[in-house]
Each structure stands twice: as structure tokens, then as C-alpha cells.
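Student: Sharing coords.pdb here; it has PDB, C-alpha atoms.
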ATOM      1  CA  MET A1007     117.227 122.101  93.435
ATOM      2  CA  ARG A1008     116.130 121.586  97.057
ATOM      3  CA  PRO A1009     112.581 120.455  97.789
ATOM      4  CA  PRO A1010     110.347 123.416  98.732
ATOM      5  CA  ARG A1011     109.068 123.818 102.293
ATOM      6  CA  SER A1012     105.733 122.326 101.193
ATOM      7  CA  VAL A1013     107.544 119.023 100.584
ATOM      8  CA  PHE A1014     108.559 118.829 104.226
ATOM      9  CA  VAL A1015     105.109 119.901 105.450
ATOM     10  CA  LEU A1016     103.395 117.180 103.401
ATOM     11  CA  ALA A1017     105.872 114.546 104.542
ATOM     12  CA  CYS A1018     105.293 115.497 108.159
ATOM     13  CA  ALA A1019     101.563 115.228 107.583
ATOM     14  CA  LEU A1020     102.127 111.668 106.384
ATOM     15  CA  ALA A1021     104.094 110.860 109.530
ATOM     16  CA  VAL A1022     101.331 112.324 111.699
ATOM     17  CA  THR A1023      98.676 110.373 109.819
ATOM     18  CA  PHE A1024     100.533 107.105 110.349
ATOM     19  CA  LEU A1025     100.932 107.885 114.055
ATOM     20  CA  VAL A1026      97.348 108.898 114.733
ATOM     21  CA  ALA A1027      95.932 105.944 112.798
ATOM     22  CA  GLY A1028      96.941 103.572 115.567
ATOM     23  CA  CYS A1029      95.508 105.590 118.468
ATOM     24  CA  GLY A1030      92.200 105.035 120.188
ATOM     25  CA  GLY A1031      91.122 102.144 117.941
ATOM     26  CA  SER A1032      87.708 100.558 118.267
ATOM     27  CA  PRO A1033      87.167  96.815 118.836
ATOM     28  CA  SER A1034      87.664  94.714 115.722
ATOM     29  CA  ARG A1035      84.510  93.576 113.916
ATOM     30  CA  PRO A1036      84.138  91.292 110.918
ATOM     31  CA  GLY A1037      84.069  93.339 107.729
ATOM     32  CA  GLU A1038      83.835  93.014 103.959
ATOM     33  CA  GLN A1039      86.115  90.521 102.264
ATOM     34  CA  VAL A1040      89.146  92.177 100.688
ATOM     35  CA  VAL A1041      91.337  90.599  98.014
ATOM     36  CA  LEU A1042      95.083  90.754  98.661
ATOM     37  CA  ARG A1043      97.118  91.334  95.489
ATOM     38  CA  PRO A1044     100.837  90.425  95.723
ATOM     39  CA  VAL A1045     103.260  92.454  93.617
ATOM     40  CA  ALA A1046     103.718  90.037  90.727
ATOM     41  CA  ALA A1047     100.336  88.281  90.758
ATOM     42  CA  GLN A1048      98.150  89.179  87.804
ATOM     43  CA  GLY A1049      95.033  87.802  89.463
ATOM     44  CA  PRO A1050      91.839  86.563  87.794
ATOM     45  CA  ASP A1051      89.723  88.619  85.369
ATOM     46  CA  ALA A1052      92.630  90.780  84.213
ATOM     47  CA  PHE A1053      91.928  93.498  81.675
ATOM     48  CA  THR A1054      95.273  93.017  79.909
ATOM     49  CA  ARG A1055      98.607  91.247  80.091
ATOM     50  CA  SER A1056     101.232  92.733  82.363
ATOM     51  CA  THR A1057     103.043  95.868  81.194
ATOM     52  CA  VAL A1058     105.329  96.059  84.235
ATOM     53  CA  THR A1059     108.989  96.754  83.564
ATOM     54  CA  SER A1060     111.615  95.104  85.769
ATOM     55  CA  LEU A1061     111.748  96.838  89.148
ATOM     56  CA  PRO A1062     112.838  95.584  92.572
ATOM     57  CA  VAL A1063     110.306  95.310  95.364
ATOM     58  CA  LEU A1064     110.525  97.980  98.053
ATOM     59  CA  PRO A1065     109.232  96.994 101.508
ATOM     60  CA  ALA A1066     106.550  99.128 103.115
ATOM     61  CA  PRO A1067     107.771 101.822 105.520
ATOM     62  CA  ALA A1068     107.135 101.086 109.181
ATOM     63  CA  THR A1069     103.889 102.529 110.528
ATOM     64  CA  THR A1070     101.816 102.132 113.642
ATOM     65  CA  THR A1071      98.982  99.626 113.809
ATOM     66  CA  GLY A1072      95.254 100.265 113.700
ATOM     67  CA  ASP A1073      92.007  98.743 112.518
ATOM     68  CA  ARG A1074      91.432 101.146 109.630
ATOM     69  CA  PRO A1075      93.855 102.251 106.900
ATOM     70  CA  PRO A1076      95.112 105.805 107.398
ATOM     71  CA  SER A1077      94.215 108.234 104.638
ATOM     72  CA  VAL A1078      97.260 109.768 102.956
ATOM     73  CA  SER A1079      97.234 112.574 100.402
ATOM     74  CA  GLY A1080      98.393 111.548  96.945
ATOM     75  CA  GLY A1081     100.767 114.502  96.929
ATOM     76  CA  THR A1082     102.726 113.349  99.983
ATOM     77  CA  PRO A1083     106.486 113.190  99.303
ATOM     78  CA  GLY A1084     107.837 109.674  99.690
ATOM     79  CA  LEU A1085     104.436 108.010  99.363
ATOM     80  CA  TYR A1086     105.583 106.490  96.058
ATOM     81  CA  GLY A1087     108.855 105.157  94.712
ATOM     82  CA  GLY A1088     110.430 104.597  91.312
ATOM     83  CA  VAL A1089     113.767 104.472  89.538
ATOM     84  CA  GLN A1090     115.222 107.664  88.142
ATOM     85  CA  GLY A1091     114.734 107.724  84.386
ATOM     86  CA  VAL A1092     112.931 104.360  84.316
ATOM     87  CA  ALA A1093     109.165 103.882  84.048
ATOM     88  CA  GLY A1094     107.680 101.048  86.083
ATOM     89  CA  CYS A1095     105.011 100.521  83.433
ATOM     90  CA  ASP A1096     105.065 100.558  79.634
ATOM     91  CA  VAL A1097     102.361 103.167  79.105
ATOM     92  CA  GLU A1098     102.251 102.921  75.313
ATOM     93  CA  ARG A1099     101.894  99.144  75.406
ATOM     94  CA  GLN A1100      99.253  99.460  78.088
ATOM     95  CA  THR A1101      97.301 101.900  75.940
ATOM     96  CA  ALA A1102      97.517  99.596  72.928
ATOM     97  CA  LEU A1103      96.315  96.573  74.904
ATOM     98  CA  LEU A1104      93.353  98.428  76.387
ATOM     99  CA  THR A1105      92.192  99.829  73.068
ATOM    100  CA  ALA A1106      92.684  96.624  71.050
ATOM    101  CA  ASP A1107      89.384  95.210  72.359
ATOM    102  CA  ARG A1108      86.402  97.574  72.099
ATOM    103  CA  ALA A1109      84.412  95.775  74.809
ATOM    104  CA  LYS A1110      87.319  96.042  77.249
ATOM    105  CA  ALA A1111      87.915  99.668  76.302
ATOM    106  CA  ASP A1112      84.232 100.417  77.003
ATOM    107  CA  ALA A1113      84.344  98.646  80.374
ATOM    108  CA  PHE A1114      87.608 100.380  81.332
ATOM    109  CA  ALA A1115      86.177 103.760  80.372
ATOM    110  CA  ARG A1116      83.054 103.238  82.495
ATOM    111  CA  ALA A1117      85.145 102.235  85.515
ATOM    112  CA  GLU A1118      87.411 105.264  85.110
ATOM    113  CA  GLY A1119      84.581 107.687  84.398
ATOM    114  CA  VAL A1120      85.792 108.767  80.945
ATOM    115  CA  ALA A1121      84.520 108.373  77.395
ATOM    116  CA  THR A1122      85.811 105.367  75.466
ATOM    117  CA  SER A1123      87.380 107.684  72.909
ATOM    118  CA  ALA A1124      89.272 109.385  75.749
ATOM    119  CA  VAL A1125      90.920 106.188  77.065
ATOM    120  CA  PRO A1126      94.252 106.656  75.188
ATOM    121  CA  GLY A1127      94.637 110.235  76.381
ATOM    122  CA  HIS A1128      93.544 109.295  79.892
ATOM    123  CA  VAL A1129      96.161 106.541  80.225
ATOM    124  CA  ARG A1130      98.922 108.631  78.653
ATOM    125  CA  ALA A1131      98.282 111.398  81.200
ATOM    126  CA  LEU A1132      98.969 109.054  84.132
ATOM    127  CA  THR A1133     102.317 108.807  85.934
ATOM    128  CA  PRO A1134     104.204 105.535  86.540
ATOM    129  CA  VAL A1135     105.077 105.048  90.221
ATOM    130  CA  VAL A1136     105.664 102.184  92.669
ATOM    131  CA  LEU A1137     103.698 101.782  95.897
ATOM    132  CA  ARG A1138     105.802 102.108  99.051
ATOM    133  CA  ALA A1139     103.078 100.838 101.380
ATOM    134  CA  ASP A1140     100.396  98.192 101.136
ATOM    135  CA  THR A1141      97.546 100.216  99.645
ATOM    136  CA  ARG A1142      93.769  99.738  99.782
ATOM    137  CA  VAL A1143      91.929 100.409  96.501
ATOM    138  CA  THR A1144      88.787  99.554  94.603
ATOM    139  CA  ASP A1145      90.086  97.187  91.939
ATOM    140  CA  HIS A1146      88.059  96.332  88.825
ATOM    141  CA  GLY A1147      88.345  92.966  87.090
ATOM    142  CA  TYR A1148      86.955  92.262  83.626
ATOM    143  CA  ARG A1149      84.215  89.645  83.422
ATOM    144  CA  ASP A1150      81.362  89.083  80.950
ATOM    145  CA  GLY A1151      82.036  92.390  79.212
ATOM    146  CA  ARG A1152      81.861  94.427  82.406
ATOM    147  CA  ALA A1153      84.205  95.916  84.974
ATOM    148  CA  THR A1154      83.505  94.199  88.298
ATOM    149  CA  PRO A1155      84.591  96.198  91.381
ATOM    150  CA  ARG A1156      86.039  94.615  94.512
ATOM    151  CA  GLN A1157      87.953  95.939  97.474
ATOM    152  CA  ALA A1158      91.630  95.018  97.338
ATOM    153  CA  VAL A1159      94.977  95.675  98.997
ATOM    154  CA  LEU A1160      97.953  96.025  96.648
ATOM    155  CA  GLN A1161     101.296  94.992  98.083
ATOM    156  CA  ALA A1162     104.088  97.516  98.517
ATOM    157  CA  GLY A1163     106.302  97.382  95.426
ATOM    158  CA  THR A1164     103.349  97.209  93.023
ATOM    159  CA  ALA A1165     103.729  99.270  89.839
ATOM    160  CA  VAL A1166     100.733 101.536  89.227
ATOM    161  CA  LEU A1167      99.799 104.576  87.171
ATOM    162  CA  ALA A1168      98.668 107.559  89.254
ATOM    163  CA  ASP A1169      96.564 110.529  88.179
ATOM    164  CA  ASP A1170      97.429 114.212  88.620
ATOM    165  CA  ARG A1171      96.065 114.162  92.196
ATOM    166  CA  GLY A1172      98.355 111.273  93.111
ATOM    167  CA  VAL A1173      95.614 108.614  93.213
ATOM    168  CA  PRO A1174      96.381 105.119  91.792
ATOM    169  CA  ARG A1175      94.228 104.590  88.678
ATOM    170  CA  LEU A1176      95.677 101.515  86.956
ATOM    171  CA  ARG A1177      97.550  98.405  88.100
ATOM    172  CA  CYS A1178     100.236  97.647  85.546
ATOM    173  CA  ALA A1179     100.398  93.887  86.241
ATOM    174  CA  CYS A1180      96.890  93.391  84.832
ATOM    175  CA  GLY A1181      95.655  96.660  83.302
ATOM    176  CA  ASN A1182      92.826  96.836  85.839
ATOM    177  CA  PRO A1183      91.328 100.264  86.521
ATOM    178  CA  LEU A1184      91.623 101.448  90.113
ATOM    179  CA  ARG A1185      89.574 103.873  92.172
ATOM    180  CA  PRO A1186      89.749 104.976  95.823
ATOM    181  CA  PRO A1187      88.465 102.371  98.276
ATOM    182  CA  THR A1188      84.936 102.406  99.635
ATOM    183  CA  ALA A1189      84.395 102.638 103.372
ATOM    184  CA  THR A1190      83.420  99.360 104.985
ATOM    185  CA  PRO A1191      82.449  98.715 108.620
ATOM    186  CA  GLY A1192      84.651  96.521 110.752
ATOM    187  CA  THR A1193      88.047  95.020 110.020
ATOM    188  CA  PRO A1194      88.578  93.811 106.420
ATOM    189  CA  ASN A1195      88.569  90.046 106.100
ATOM    190  CA  PRO A1196      91.313  88.948 103.654
ATOM    191  CA  ARG A1197      90.019  86.615 100.957
ATOM    192  CA  SER A1198      93.443  85.319 100.012
ATOM    193  CA  LEU A1199      96.714  84.408 101.725
ATOM    194  CA  PRO A1200      98.650  87.458 102.940
ATOM    195  CA  TRP A1201     102.317  88.073 102.161
ATOM    196  CA  PRO A1202     104.721  87.596 105.102
ATOM    197  CA  ASP A1203     104.913  91.240 106.221
ATOM    198  CA  TYR A1204     101.243  92.097 105.622
ATOM    199  CA  ARG A1205      99.750  93.924 108.595
ATOM    200  CA  PRO A1206      96.242  95.479 108.400
ATOM    201  CA  GLY A1207      97.428  98.480 110.418
ATOM    202  CA  ARG A1208     100.137  99.257 107.869
ATOM    203  CA  VAL A1209      97.713  99.590 104.948
ATOM    204  CA  VAL A1210      97.133 103.108 103.595
ATOM    205  CA  ALA A1211      94.310 104.586 101.527
ATOM    206  CA  VAL A1212      95.334 107.341  99.107
ATOM    207  CA  THR A1213      93.117 110.421  98.906
ATOM    208  CA  PRO A1214      93.333 113.024  96.107
ATOM    209  CA  ALA A1215      95.762 115.875  96.630
ATOM    210  CA  PRO A1216      93.918 119.192  97.082
ATOM    211  CA  ARG A1217      95.139 120.418  93.697
ATOM    212  CA  ALA A1218      96.750 119.009  90.557
ATOM    213  CA  LEU A1219     100.368 118.047  91.137
ATOM    214  CA  THR A1220     103.137 119.753  89.222
ATOM    215  CA  ARG A1221     105.631 117.097  90.370
ATOM    216  CA  PHE A1222     105.850 113.810  92.256
ATOM    217  CA  THR A1223     108.536 113.538  94.936
ATOM    218  CA  LEU A1224     109.591 109.875  94.935
ATOM    219  CA  VAL A1225     112.113 107.604  96.613
ATOM    220  CA  ASP A1226     114.435 105.805  94.189
ATOM    221  CA  VAL A1227     113.967 102.098  94.958
ATOM    222  CA  VAL A1228     117.512 101.284  93.797
ATOM    223  CA  THR A1229     119.623 104.062  95.313
ATOM    224  CA  ARG A1230     117.234 105.095  98.127
ATOM    225  CA  ALA A1231     117.772 108.696  97.012
ATOM    226  CA  TRP A1232     115.025 111.254  96.422
ATOM    227  CA  ILE A1233     113.876 112.102  92.902
ATOM    228  CA  GLU A1234     111.417 114.492  91.325
ATOM    229  CA  ARG A1235     109.145 113.271  88.514
ATOM    230  CA  SER A1236     106.874 115.388  86.336
ATOM    231  CA  PRO A1237     103.299 114.151  85.805
ATOM    232  CA  GLY A1238     102.858 111.924  82.771
ATOM    233  CA  PRO A1239     104.743 108.969  81.280
ATOM    234  CA  ASP A1240     107.947 110.807  80.296
ATOM    235  CA  VAL A1241     110.507 109.835  82.938
ATOM    236  CA  SER A1242     113.478 111.212  81.016
ATOM    237  CA  ARG A1243     113.057 114.496  82.898
ATOM    238  CA  ASP A1244     113.426 112.896  86.359
ATOM    239  CA  ARG A1245     115.760 114.891  88.594
ATOM    240  CA  ALA A1246     117.673 113.968  91.737
ATOM    241  CA  LEU A1247     116.781 115.885  94.897
ATOM    242  CA  PRO A1248     118.856 116.386  98.046
ATOM    243  CA  ALA A1249     117.647 114.387 101.007
ATOM    244  CA  PRO A1250     115.475 116.451 103.367
ATOM    245  CA  ALA A1251     116.811 116.902 106.899
ATOM    246  CA  TRP A1252     114.135 114.731 108.479
ATOM    247  CA  SER A1253     115.060 111.735 106.307
ATOM    248  CA  ALA A1254     118.542 111.458 107.937
ATOM    249  CA  THR A1255     119.226 107.735 107.481
ATOM    250  CA  SER A1256     116.050 106.589 105.738
ATOM    251  CA  PRO A1257     113.755 107.982 103.061
ATOM    252  CA  ALA A1258     110.701 106.870 105.057
ATOM    253  CA  PRO A1259     108.956 109.648 107.037
ATOM    254  CA  ASP A1260     110.014 109.673 110.683
ATOM    255  CA  PRO A1261     107.114 108.773 113.012
ATOM    256  CA  GLN A1262     108.934 110.398 115.938
ATOM    257  CA  ALA A1263     108.916 113.710 114.072
ATOM    258  CA  GLY A1264     105.166 113.328 113.748
ATOM    259  CA  ALA A1265     104.887 112.626 117.475
ATOM    260  CA  VAL A1266     106.697 115.867 118.225
ATOM    261  CA  ALA A1267     104.281 117.722 115.959
ATOM    262  CA  VAL A1268     101.240 116.238 117.718
ATOM    263  CA  ARG A1269     102.556 116.996 121.192
ATOM    264  CA  SER A1270     103.357 120.565 120.222
ATOM    265  CA  GLY A1271      99.888 121.126 118.789
ATOM    266  CA  ALA A1272     101.381 121.970 115.391
ATOM    267  CA  ALA A1273     100.602 118.880 113.377
ATOM    268  CA  GLY A1274     101.926 119.129 109.856
ATOM    269  CA  THR A1275     104.311 121.958 110.617
ATOM    270  CA  GLY A1276     106.077 121.354 113.951
ATOM    271  CA  CYS A1277     108.445 118.701 112.673
ATOM    272  CA  CYS A1278     109.668 120.804 109.791
ATOM    273  CA  ARG A1279     110.382 124.140 111.375
ATOM    274  CA  GLY A1280     113.758 125.466 110.384
ATOM    275  CA  ARG A1281     114.397 122.704 107.825
ATOM    276  CA  ARG A1282     114.348 124.343 104.469
TER
END
What do you get writing this file as C-alpha cells?
Tutor:
Amino acid sequence: MRPPRSVFVLACALAVTFLVAGCGGSPSRPGEQVVLRPVAAQGPDAFTRSTVTSLPVLPAPATTTGDRPPSVSGGTPGLYGGVQGVAGCDVERQTALLTADRAKADAFARAEGVATSAVPGHVRALTPVVLRADTRVTDHGYRDGRATPRQAVLQAGTAVLADDRGVPRLRCACGNPLRPPTATPGTPNPRSLPWPDYRPGRVVAVTPAPRALTRFTLVDVVTRAWIERSPGPDVSRDRALPAPAWSATSPAPDPQAGAVAVRSGAAGTGCCRGRR
């Protein structure tokens, strides 16, 4: 099964977003402190123990620089990675850990905007994926019986559970609920030591896809091939996809294709014409 034309259009939109994000930037200003979360670090105030399964770390794709993280739709092909037939997070164990403590379940539910009784179903409806870019989120730690929000950047390679709009909702290394980031003036001021390839201009912020996803188009972090994953925790139905024409030698979206689209005045479509 070849990816539909919409796959290529969304991927081109991602390339355009990365390109435009570095253009016409404003002078840097001090901003809110942001916690940097490396892949394997659980961090303080964790909701649960880690439920991450063994997965290799995938470096972030190259992007242009800029002061603010570009917004990328959660349905963009190649935004996330994974391993065909392997979940990056043990969803059943995660559900059990969250519901074993009523106070934590209540706090998690409030952060996620669901009823406490709905927490098991909510978690089991999420999809295990791996971040392919350093990603800005609102992370929630657990302290004194409450979920405490803070702005954070999760390192590329982090295992998360995403909702049906492609938005990260849970970090598997700690069970913390995640929400989209809040806008802050100025350049974020990291509160912790960055990883070696951390660059503020390469951070992305995921926005909800315009409609519920019927599939996630991922990059396999072992084979570098493309795979299709259905929403939810069942990865046994993962399917291999042929590489799209624009991916040529790399599964990362091609910024030059995005540049062509911008110059032609057909952003989101120009780079994909004739590639079905």
C-alpha cells in the first residue's frame, strides 16, 4: 500500500514550517524557564516508574534555526518514529501504575481533562510513538497530591503516548501527563543542562491534527523505513510503507522541497506535485 497523496502534502507542510520558522526572527529576549528532559531521565516528581521498552535513540531531523518553536500538525508523516510491531511504552503497565494510587489517578485525570474513572480507557486509547525532534510541551509533575505544570522540552528519541490528533499526552519514562505548550514571550531560558545537539531553533511544538487520525505514518528507528500504525496500543497491525519520492536518501522531510514550495507560492503542495 502506497501512502496517499495527503501523506506527501502533510510532509511538505512540515518542511515548509521548519523553513519558515527561521525567517525574519525578532531579537532574543529573556523568557520563562523551561525544563529540558533528556530521553532516559525520569526527572523529579514523577507520576509513575518508567514503562519505556528498549528503543534506540533517533537524532532530531535537521531544521532551520529560530527563536520560537515551529508549530507542526500531529498528523504530519515522519513527525514520529517507532519500531514496526514494537510498542515504545507498556500501556497496560502504565495504566496499572496510574490507577494503583487514587490520589495520583485524580491528579492525572485533572491534568488530562478526563474523569478519574475514565483514566484507564483514556490511556489505552493513546498510541505509542517516539519523538523525532526535540519537542516543547507542558509537562505535569506530581507533588503534594496535585499535578504541577511546567514548560519542558523533551529530547528527540523520547517515548510518548499520543492522542488521536497526534498530540503527545503522556511521557512513558515517568507517567507524567502532557499537554500542548503555553506561549511565552522571549526566548526560553533552559533550567537544566542541555544535551549536546540541543538547539532552541530545532524545537517543535505539536498542534492537534484538524481531524482524528485513522493512522500514524512513522519512521522505523531501526531500519529507517516507513511504517503505518493504527491509533491505539496494538502495534501488531503495523505495516511497512514504500518510501515516498521526496524521502530519497533520508526519511526526514527535505527542507529544499519546502523552499521550492514557498518560492512557487504553493506551500504545502508544490513539492509533491506528480509524486503519488
Student: Which of these, A:Pro1183, A:Gly1163, A:Pro1044, A:Gly1119, has the shortest distance to Gly1094 of chain A once you count only C-alpha atoms?
Tutor: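 Among the listed residues, A:Gly1163 lies closest to Gly1094 of chain A.
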Student: Considering all atoms listed in the file, return as a count of residues only whatever protein or nucleic-acid residues lie within 9 Å of segment 1167-1172 of chain A, sequence-local ones (same chain, fewer than 2 positions apart) excluded.
Tutor: 35
Student: Hey, what's within 9 Å of Thr1188 of chain A if we count all atoms listed in the file and toss same-chain stuff fewer than 4 positions away? As an MDAnalysis selection string, please?
Tutor: chainID A and resid 1143:1144 1157
Student: Nearest to Arg1116 of chain A among A:Glu1098, A:Arg1185, A:Arg1142, A:Ala1052, with distances taken over all atoms listed in the file: which residue is it?
Tutor: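 Counting all atoms listed in the file, the residue closest to Arg1116 of chain A is A:Arg1185.
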Student: Just how far from atom CA of Asp1107 of chain A is atom CA of Leu1137 of chain A, in Å to one decimal?
Tutor: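 The value is 28.3 Å.
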Student: Smallest atom-to-atom distance to Arg1043 of chain A: which of A:Asp1226, A:Asp1140, A:Asp1203, A:Glu1234, using only C-alpha atoms?
Tutor: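 The closest residue to Arg1043 of chain A is A:Asp1140.
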Student: Name the residues in contact with Ala1046 of chain A at a cut-off of 8 Å, using all atoms listed in the file, excluding same-chain residues fewer than 2 positions from it; report them as a count of residues only.
Tutor: 4
Student: Do you know which residues the PyMOL selection byres ((chain A and resi 1245) around 12) returns on this file, as JSON, numbers by chain?
Tutor: {"A": [1007, 1008, 1009, 1088, 1089, 1090, 1091, 1092, 1221, 1222, 1223, 1224, 1225, 1226, 1231, 1232, 1233, 1234, 1235, 1236, 1241, 1242, 1243, 1244, 1246, 1247, 1248]}
Student: Which residue, A:Gly1049, A:Gly1151, A:Pro1076, A:Gly1084, has the smallest gap to Pro1250 of chain A when you use all atoms listed in the file?
Tutor: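 Ranking A:Gly1049, A:Gly1151, A:Pro1076, A:Gly1084 by distance to Pro1250 of chain A, first place goes to A:Gly1084.
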Student: Measure the distance from atom CA of Val1125 of chain A to atom CA of Asp1240 of chain A in Å and round it to one decimal.
Tutor: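 Separation between atom CA of Val1125 of chain A and atom CA of Asp1240 of chain A: 17.9 Å.
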Student: Any idea what's packed within 7 Å of Gln1100 of chain A, counting only C-alpha atoms, ignoring anything in its chain fewer than 3 positions away? Could you give it as a PyMOL selection string?
Tutor: chain A and resi 1057+1096-1097+1103-1104+1181
Student: Expressed in Å to a single decimal, how great is the separation between atom CA of Pro1050 of chain A and atom CA of Thr1141 of chain A?
Tutor: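 Atom CA of Pro1050 of chain A sits 19.0 Å away from atom CA of Thr1141 of chain A.
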Student: For Gly1147 of chain A, which residue among A:Ala1109, A:Cys1180, A:Leu1085, A:Ala1162 is the nearest when counting all atoms listed in the file?
Tutor: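 Checking each of A:Ala1109, A:Cys1180, A:Leu1085, A:Ala1162 against Gly1147 of chain A, counting all atoms listed in the file, the winner is A:Cys1180.
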